Number of protein chains: 2
Amino acid sequence: MVVSALRKEGGRGEDGLPGVLDRLKAQFGDRMSQGAEIRRQHANTTNWLPNEPADAVVFAQSTEEVADIVRLCAEARVPVIPFGTGTGLEGHVNAPLGGISIDLSGLNRILAVRAEDLDCTVEAGVTRHQINDHLRDQGLFFPIDPGANASLGGMASTRASGTNAVRYGTMRDNVINLTAVMADGSIVRTGGRAKKSSAGYDLTRLLVGSEGTLGVITELTLRLHGIPEAIAGGVCSFPTVEDACNATILTIQSGIPVARIELLDTLMVRATNDFAKLGLKETPHLFVEFHGSSASVKEQSELFGEIAASLGGGEFVWATRPEDRSKLWHARHEAYFAAKGLRAGASVVATDVCVPISRLAECVAETTVDIEQSGLIAPIVGHVGDGNFHVQLLIDIENAQEVAAAEHFVGRLNERAIAMEGTCTGEHGIGQGKRKYMKLEHPSGLPIMRAIKQALDPLGILNPGKIFPDP
Amino acid sequence: MVVSALRKEGGRGEDGLPGVLDRLKAQFGDRMSQGAEIRRQHANTTNWLPNEPADAVVFAQSTEEVADIVRLCAEARVPVIPFGTGTGLEGHVNAPLGGISIDLSGLNRILAVRAEDLDCTVEAGVTRHQINDHLRDQGLFFPIDPGANASLGGMASTRASGTNAVRYGTMRDNVINLTAVMADGSIVRTGGRAKKSSAGYDLTRLLVGSEGTLGVITELTLRLHGIPEAIAGGVCSFPTVEDACNATILTIQSGIPVARIELLDTLMVRATNDFAKLGLKETPHLFVEFHGSSASVKEQSELFGEIAASLGGGEFVWATRPEDRSKLWHARHEAYFAAKGLRAGASVVATDVCVPISRLAECVAETTVDIEQSGLIAPIVGHVGDGNFHVQLLIDIENAQEVAAAEHFVGRLNERAIAMEGTCTGEHGIGQGKRKYMKLEHPSGLPIMRAIKQALDPLGILNPGKIFPDP
């Protein structure tokens with residue numbers, strides 16, 4: 001409804017766009033581009049969703065500049081699409097109605113690190129590697145680690161998580177407050193730095209996960225964690241994917257505070273072996289890591305070892321030296337590129353779902369059968385401690401038949417997860433790609449979300465065509 | 001603005017109320033009361049805020065009944081005030097514009113406990129004692145423990161926390177999804193049971209803390225925790241309140257996963273000694289508790305012991321037997337009644353603030369000086385591991401001068417906390433009592449909150465006169 005209002009009222013700037021472009025050029029000069037290649041790079045490039053470029057890209061450098069751009073676009077009813085690093089997997093940065101892409105990579109200052117409060121304040125374009133490199137000397141880290149070196153603003157926008165979420169939570173839990181530019185160009189700061197507050201509506205968590213449709217996040221205060229005294233980790237093979245899932249379920253149910261517990265199915269192990277020369281046995285594996293004091297890490301490892309053994313787990317191979325651990329987790333984070341190696345010339349389309357932990361083994365097992373039956377090449381990898389897993393579909397995206405088969409498969413996967421009281425996305429977000437599942441997952445919540453969108457962005461200029469299915 | 005629209009348009013049912021009362025009587029019979037005493041009991045009774053009764057109280061027994069009531073009230077523009085146990089501390093259950101108080105204590109069914117997923121689903125009137133009594137046999141517990149035996153719906157509405165929040169989080173972190181009746185009588189379920197989701201706006205966390213102003217919570221799915229293998233706890237005396245605060249700060253900064261760390265100042269220790277016969281030395285104390293495996297609990301206790309000793313902490317007195325531990329924490333939870341004993345006939349007005357942990361010692365120290373200078377009798381007690389503390393003001397609420405002095409004191413306390421990047425309420429909520437600090441704490445956020453309120457409750461019938469300051 002919001003989107004069509006924009007269209008009817010001359011959206012994508014049929015009236016207003018030329019004036020907006022002129023004024024942006026005047027204010028930003030070389031930091032504004034209408035070049036085709038720049039515009040293409042700022043639209044979707046990660047999967048089969050079409051590349052839908054904005055009319056121009058502006059490289060902003062401050063919250064105030066973002067506010068200037070949004071105000072200008074609001075006056076002319078021109079869409080605004082926030083851009084971090086472009087690594088979103090559901091078409092979040094596409095501009096289906098044209099408009100202005102705001103590249104936030106120039107908002108890259110680390111404004112404060114307060115070790116005494118275990119928090120920091122950064123601009124939205126700071127990436128997760130950048131903040132962790134900066135923090136390392138202080139014995140602190142920021143745990144959220146999606147596969148890509150994404151921007152923290154983008155990670156907040158999609159409510160990202162990663163391998164550490166089972167222990168440290170997601171962006172939902174690790175953003176203390178944020179600054180955002182709202183649809184009218186006003187600047188909002190959502191709260192203070194107290195660890196908890198009961199003062200009014202939780203605007204922080206309303207904006208986290210809103211995918212740029214309610215405001216453009218420009219600054220964040222994040223919760224930090226001390227680098228643990230001891231870290232131990234390694235890999236364990238299992239006879240079947242179900243055994244590996246059941247070991248995960250038991251680990252979580254036993255309350256072992258595992259820091260990471262990641263599943264790789266046989267195909268993913270093969271791909272990772274090829275890509276990262278890990279030399280693992282070609283059966284399903286769990287990659288695990290424990291954080292704590294030396295004593296606690298030892299205890300956790302032993303408990304996990306007992307669970308794994310009870311489910312036919314092979315010998316637990318420790319990665320005790322930091323460089324071995326690094327190699328292991330680097331390989332895990334490169335799953336996308338590893339998978340790519342399984343089929344020359346294919347694209348990797350990564351999809352994700354999340355289910356209650358008790359349904360994990362069942363959901364993965366049914367999905368495995370579905371992959372076999374569909375004939376797709378599609379390794380499974382995932383943050384199984386949260387009940388969250390990914391299927392990496394290897395597709396020739398120029399082949400309409402393959403894309404259609406993959407889309408059908410993704411549909412069945414999403415419906416399966418939702419039927420198990422789970423979600424069609426644990427961490428990637430809805431973007432364009434998963435809009436059609438919103439009604440199934442949120443039959444009663446969707447009208448409330450629409451009402452909030454309408455209230456905070458009445459002209460529908462903020463990242464139109466995302467989250468909400470067409471009415 | 002919303003409130004005054006309701007007034008202008010015949011709110012408090014100058015036109016609609018009689019019809020609503022008739023229809024409620026017809027549907028609910030004896031479960032609807034207009035008796036003065038019932039109405040008084042369902043309005044504010046916990047402090048100096050006036051008792052402002054609703055026009056009638058309805059004892060609902062299901063989500064559908066709540067929806068019926070809200071729909072009726074919406075048609076007639078009559079206010080709806082949700083009531084759990086009436087233990088809110090900021091006038092949340094008052095009916096300044098009259099209307100219908102919905103007593104939710106009859107929604108007291110535990111609908112499901114899923115030990116395999118560490119979650120449960122309960123109706124909103126279930127209390128925290130009720131759920132924990134029910135869970136005990138299964139080795140599980142729900143950690144959030146405000147002083148009172150509040151209802152879980154009420155606790156969600158005020159984003160409550162308590163002594164365990166430093167380890168287990170607040171209601172924000174422990175509500176997985178909820179069911180609410182919205183302002184038009186529609187029933188919304190905010191999500192599934194997956195541990196995380198990136199599918200759309202976070203309606204769960206928008207409703208948690210919204211104090212009945214956006215919807216009436218009728219059902220909740222809550223995160224449960226395993227009862228730890230080992231629990232150890234005890235008390236430690238300190239020379240000054242600042243030393244106790246600094247010990248807390250160091251404990252948190254060291255990453256010790258303390259389960260509880262509670263400050264009692266000298267006056268509070270005296271009150272607790274009198275009330276619960278604890279026989280503690282009359283100096284400031286920390287009450288602490290550690291959860292984990294035997295080895296981890298031992299390690300945590302030793303680390304805390306070293307920190308305490310470095311700050312002049314007296315001998316650490318262990319409560320090793322469960323009954324001793326129970327006595328200790330029971331005494332802590334009875335702080336309200338203990339404080340009452342300090343001044344015969346006085347009322348206890350409990351106020352709370354929360355600051356970043358690095359500012360805790362400073363904030364408590366300045367507040368202590370302020371108490372001395374103001375001549376108030378006001379012990380301090382708090383969840384200091386979160387930077388959250390309470391001042392229990394002992395006031396003759398019939399004495400206007402005393403009330404004015406106390407109000408001034410509370411104002412200074414709130415302004416101090418906000419100036420330290422904290423909040424005017426860590427866990428009690430805004431209600432009526434703290435509305436005037438919302439603009440100071442949320443100068444840019446308040447208009448956004450108003451826009452959301454207007455969008456989801458355009459008639460302003462849901463708990464009017466709460467959270468928002470008069471325009």
# chains A, B, ... in the order shown; residues from 1 in each chain; ligands from 1
>>> select_by_dssp(residues="region 214-396 of chain B", states="helix (DSSP H, G or I)", output="number ranges by chain")
B: 241-253, 266-276, 294-310, 322-333, 335-340, 357-374, 384-386
>>> interface_residues(of="chain B", to="chain A", cutoff="7 Å", atoms="only C-alpha atoms", output="VMD selection string")
chain B and resid 116 to 117 158 to 159 188 to 202 205 to 206 209 to 210 226 253 255 296 354 to 358 386 421 to 430 442 444 to 445 449 451 to 452 455 to 456 467
>>> write_last_selection(atoms="C-alpha atoms", output="PDB file, in the first residue's frame")
ATOM      1  CA  GLU B 116      13.363 -29.915  24.990  1.00  0.00           C
ATOM      2  CA  ASP B 117      13.274 -26.320  23.728  1.00  0.00           C
ATOM      3  CA  THR B 158       6.871  -3.036  32.247  1.00  0.00           C
ATOM      4  CA  ARG B 159       9.974  -4.806  30.909  1.00  0.00           C
ATOM      5  CA  VAL B 188      -1.946 -10.651  17.270  1.00  0.00           C
ATOM      6  CA  ARG B 189       0.689 -13.303  17.767  1.00  0.00           C
ATOM      7  CA  THR B 190       4.108 -11.745  17.363  1.00  0.00           C
ATOM      8  CA  GLY B 191       6.179 -14.688  16.156  1.00  0.00           C
ATOM      9  CA  GLY B 192       7.191 -18.308  16.328  1.00  0.00           C
ATOM     10  CA  ARG B 193       9.454 -20.149  18.726  1.00  0.00           C
ATOM     11  CA  ALA B 194      12.781 -20.048  16.892  1.00  0.00           C
ATOM     12  CA  LYS B 195      15.595 -18.688  19.016  1.00  0.00           C
ATOM     13  CA  LYS B 196      16.214 -15.950  16.500  1.00  0.00           C
ATOM     14  CA  SER B 197      14.489 -14.502  13.464  1.00  0.00           C
ATOM     15  CA  SER B 198      15.130 -11.745  10.916  1.00  0.00           C
ATOM     16  CA  ALA B 199      11.599 -11.809   9.530  1.00  0.00           C
ATOM     17  CA  GLY B 200      10.223  -8.293   9.832  1.00  0.00           C
ATOM     18  CA  TYR B 201       9.767  -5.829  12.653  1.00  0.00           C
ATOM     19  CA  ASP B 202      10.336  -7.039  16.215  1.00  0.00           C
ATOM     20  CA  ARG B 205      10.016  -6.266  21.833  1.00  0.00           C
ATOM     21  CA  LEU B 206       7.770  -3.404  20.789  1.00  0.00           C
ATOM     22  CA  GLY B 209       7.663  -2.493  27.916  1.00  0.00           C
ATOM     23  CA  SER B 210       4.717  -0.768  26.252  1.00  0.00           C
ATOM     24  CA  GLY B 226      18.152 -25.179  33.571  1.00  0.00           C
ATOM     25  CA  GLN B 253      34.434  -5.714  34.144  1.00  0.00           C
ATOM     26  CA  GLY B 255      33.685 -10.882  33.123  1.00  0.00           C
ATOM     27  CA  SER B 296      32.974 -22.933  37.807  1.00  0.00           C
ATOM     28  CA  CYS B 354      19.953   2.646  36.004  1.00  0.00           C
ATOM     29  CA  VAL B 355      23.312   3.970  34.782  1.00  0.00           C
ATOM     30  CA  PRO B 356      26.281   2.595  32.834  1.00  0.00           C
ATOM     31  CA  ILE B 357      28.277   0.464  35.250  1.00  0.00           C
ATOM     32  CA  SER B 358      31.277   2.838  35.184  1.00  0.00           C
ATOM     33  CA  ASP B 386      23.324  -3.925  35.972  1.00  0.00           C
ATOM     34  CA  GLU B 421      23.711   8.388  29.945  1.00  0.00           C
ATOM     35  CA  GLY B 422      21.450   6.226  32.073  1.00  0.00           C
ATOM     36  CA  THR B 423      17.690   5.978  32.408  1.00  0.00           C
ATOM     37  CA  CYS B 424      15.031   7.260  34.806  1.00  0.00           C
ATOM     38  CA  THR B 425      13.814   3.679  35.195  1.00  0.00           C
ATOM     39  CA  GLY B 426      15.712   0.443  34.844  1.00  0.00           C
ATOM     40  CA  GLU B 427      12.774  -1.836  35.555  1.00  0.00           C
ATOM     41  CA  HIS B 428       9.715  -0.167  37.109  1.00  0.00           C
ATOM     42  CA  GLY B 429       8.456   1.569  33.982  1.00  0.00           C
ATOM     43  CA  ILE B 430       7.152   5.073  33.318  1.00  0.00           C
ATOM     44  CA  HIS B 442      14.102  10.657  24.829  1.00  0.00           C
ATOM     45  CA  SER B 444      14.224  12.793  19.737  1.00  0.00           C
ATOM     46  CA  GLY B 445      12.589   9.411  20.388  1.00  0.00           C
ATOM     47  CA  MET B 449       6.852   6.770  20.158  1.00  0.00           C
ATOM     48  CA  ALA B 451       3.558   8.298  16.129  1.00  0.00           C
ATOM     49  CA  ILE B 452       3.562   4.563  16.872  1.00  0.00           C
ATOM     50  CA  ALA B 455      -0.910   4.429  14.509  1.00  0.00           C
ATOM     51  CA  LEU B 456      -1.741   1.426  16.675  1.00  0.00           C
ATOM     52  CA  ILE B 467       4.179   6.755  29.417  1.00  0.00           C
TER      53      ILE B 467
END
>>> atom_distance(atom1="CA of Ala74 (chain B)", atom2="CA of Gly99 (chain B)")
10.9 Å
>>> atom_distance(atom1="CA of Cys363 (chain A)", atom2="CA of Gly147 (chain A)")
22.5 Å
>>> select_by_dssp(residues="region 387-449 of chain B", states="strand (DSSP E)", output="ChimeraX atom specification")
/B:388-395
>>> write_last_selection(atoms="N, CA and C atoms", output="PDB file, in the first residue's frame")
ATOM      1  N   ASN B 388      21.843  -0.731  38.239  1.00  0.00           N
ATOM      2  CA  ASN B 388      20.451  -0.413  38.582  1.00  0.00           C
ATOM      3  C   ASN B 388      20.290  -0.394  40.106  1.00  0.00           C
ATOM      4  N   PHE B 389      19.741   0.709  40.627  1.00  0.00           N
ATOM      5  CA  PHE B 389      19.479   0.701  42.074  1.00  0.00           C
ATOM      6  C   PHE B 389      18.200   1.431  42.423  1.00  0.00           C
ATOM      7  N   HIS B 390      17.693   1.111  43.593  1.00  0.00           N
ATOM      8  CA  HIS B 390      16.441   1.667  44.097  1.00  0.00           C
ATOM      9  C   HIS B 390      16.698   2.511  45.323  1.00  0.00           C
ATOM     10  N   VAL B 391      15.910   3.547  45.469  1.00  0.00           N
ATOM     11  CA  VAL B 391      15.854   4.273  46.723  1.00  0.00           C
ATOM     12  C   VAL B 391      14.444   4.058  47.277  1.00  0.00           C
ATOM     13  N   GLN B 392      14.375   3.581  48.512  1.00  0.00           N
ATOM     14  CA  GLN B 392      13.072   3.323  49.147  1.00  0.00           C
ATOM     15  C   GLN B 392      12.757   4.497  50.065  1.00  0.00           C
ATOM     16  N   LEU B 393      11.924   5.386  49.593  1.00  0.00           N
ATOM     17  CA  LEU B 393      11.618   6.592  50.371  1.00  0.00           C
ATOM     18  C   LEU B 393      10.530   6.292  51.393  1.00  0.00           C
ATOM     19  N   LEU B 394      10.796   6.620  52.642  1.00  0.00           N
ATOM     20  CA  LEU B 394       9.803   6.400  53.703  1.00  0.00           C
ATOM     21  C   LEU B 394       9.076   7.696  53.979  1.00  0.00           C
ATOM     22  N   ILE B 395       7.835   7.747  53.532  1.00  0.00           N
ATOM     23  CA  ILE B 395       7.114   9.011  53.448  1.00  0.00           C
ATOM     24  C   ILE B 395       5.766   8.892  54.134  1.00  0.00           C
TER      25      ILE B 395
END
>>> closest_residue(among="B:His92, B:His42, B:Arg416, B:Lys340", to="Gly465 (chain B)", atoms="only C-alpha atoms")
B:His92
>>> residues_around(residues="Asn94 (chain A)", least_positions_apart="4", cutoff="12 Å", atoms="only C-alpha atoms", output="PyMOL selection string")
chain A and resi 39-47+49-55+57+79-83+86-90+98-102+211-212+431-433+462-466
>>> closest_residue(among="B:Ala276, B:Leu222, B:Ala378, B:Ala331", to="Val348 (chain B)", atoms="only C-alpha atoms")
B:Ala378
>>> atom_distance(atom1="CA of Thr240 (chain A)", atom2="CA of Pro284 (chain A)")
6.1 Å
>>> residues_around(residues="Ile217 (chain B)", least_positions_apart="6", cutoff="7 Å", atoms="only C-alpha atoms", output="PyMOL selection string")
chain B and resi 124+153+178-181
>>> residues_around(residues="Thr221 (chain B)", least_positions_apart="6", cutoff="7 Å", atoms="only C-alpha atoms", output="list in words")
Asp119, Cys120, Thr121, Val122, Val175, Ile176, Asn177 and Leu178 of chain B
>>> write_last_selection(atoms="all heavy atoms", output="mmCIF file, in the first residue's frame")
data_model
loop_
_atom_site.group_PDB
_atom_site.id
_atom_site.type_symbol
_atom_site.label_atom_id
_atom_site.label_comp_id
_atom_site.auth_asym_id
_atom_site.auth_seq_id
_atom_site.Cartn_x
_atom_site.Cartn_y
_atom_site.Cartn_z
ATOM 1 N N ASP B 119 11.541 -23.746 26.703
ATOM 2 C CA ASP B 119 10.565 -22.668 26.682
ATOM 3 C C ASP B 119 9.228 -23.134 27.237
ATOM 4 O O ASP B 119 9.029 -24.339 27.482
ATOM 5 C CB ASP B 119 10.427 -22.040 25.280
ATOM 6 C CG ASP B 119 9.692 -22.900 24.253
ATOM 7 O OD1 ASP B 119 8.772 -23.657 24.619
ATOM 8 O OD2 ASP B 119 10.034 -22.790 23.060
ATOM 9 N N CYS B 120 8.352 -22.196 27.497
ATOM 10 C CA CYS B 120 6.998 -22.522 27.944
ATOM 11 C C CYS B 120 6.046 -21.449 27.433
ATOM 12 O O CYS B 120 6.468 -20.342 27.106
ATOM 13 C CB CYS B 120 6.911 -22.605 29.471
ATOM 14 S SG CYS B 120 7.074 -21.031 30.314
ATOM 15 N N THR B 121 4.773 -21.807 27.351
ATOM 16 C CA THR B 121 3.754 -20.838 26.966
ATOM 17 C C THR B 121 2.740 -20.740 28.101
ATOM 18 O O THR B 121 2.236 -21.760 28.580
ATOM 19 C CB THR B 121 3.076 -21.250 25.645
ATOM 20 O OG1 THR B 121 4.082 -21.334 24.625
ATOM 21 C CG2 THR B 121 2.032 -20.230 25.215
ATOM 22 N N VAL B 122 2.488 -19.518 28.537
ATOM 23 C CA VAL B 122 1.583 -19.300 29.672
ATOM 24 C C VAL B 122 0.605 -18.183 29.336
ATOM 25 O O VAL B 122 0.865 -17.355 28.466
ATOM 26 C CB VAL B 122 2.370 -18.878 30.939
ATOM 27 C CG1 VAL B 122 3.377 -19.943 31.343
ATOM 28 C CG2 VAL B 122 3.062 -17.530 30.744
ATOM 29 N N VAL B 175 11.279 -13.088 26.674
ATOM 30 C CA VAL B 175 9.984 -13.333 26.024
ATOM 31 C C VAL B 175 10.287 -13.707 24.571
ATOM 32 O O VAL B 175 10.906 -12.935 23.845
ATOM 33 C CB VAL B 175 9.076 -12.088 26.073
ATOM 34 C CG1 VAL B 175 7.761 -12.373 25.352
ATOM 35 C CG2 VAL B 175 8.813 -11.685 27.515
ATOM 36 N N ILE B 176 9.854 -14.889 24.157
ATOM 37 C CA ILE B 176 10.142 -15.360 22.794
ATOM 38 C C ILE B 176 9.068 -14.867 21.827
ATOM 39 O O ILE B 176 9.353 -14.438 20.726
ATOM 40 C CB ILE B 176 10.246 -16.900 22.781
ATOM 41 C CG1 ILE B 176 11.446 -17.336 23.624
ATOM 42 C CG2 ILE B 176 10.356 -17.430 21.346
ATOM 43 C CD1 ILE B 176 11.532 -18.826 23.866
ATOM 44 N N ASN B 177 7.818 -14.956 22.246
ATOM 45 C CA ASN B 177 6.742 -14.356 21.454
ATOM 46 C C ASN B 177 5.593 -14.069 22.410
ATOM 47 O O ASN B 177 5.616 -14.514 23.567
ATOM 48 C CB ASN B 177 6.297 -15.262 20.293
ATOM 49 C CG ASN B 177 5.602 -16.523 20.760
ATOM 50 O OD1 ASN B 177 4.648 -16.484 21.531
ATOM 51 N ND2 ASN B 177 6.060 -17.676 20.289
ATOM 52 N N LEU B 178 4.617 -13.331 21.941
ATOM 53 C CA LEU B 178 3.463 -13.078 22.799
ATOM 54 C C LEU B 178 2.217 -12.888 21.952
ATOM 55 O O LEU B 178 2.275 -12.643 20.734
ATOM 56 C CB LEU B 178 3.710 -11.898 23.743
ATOM 57 C CG LEU B 178 4.206 -10.581 23.183
ATOM 58 C CD1 LEU B 178 3.051 -9.782 22.611
ATOM 59 C CD2 LEU B 178 4.857 -9.764 24.315
#
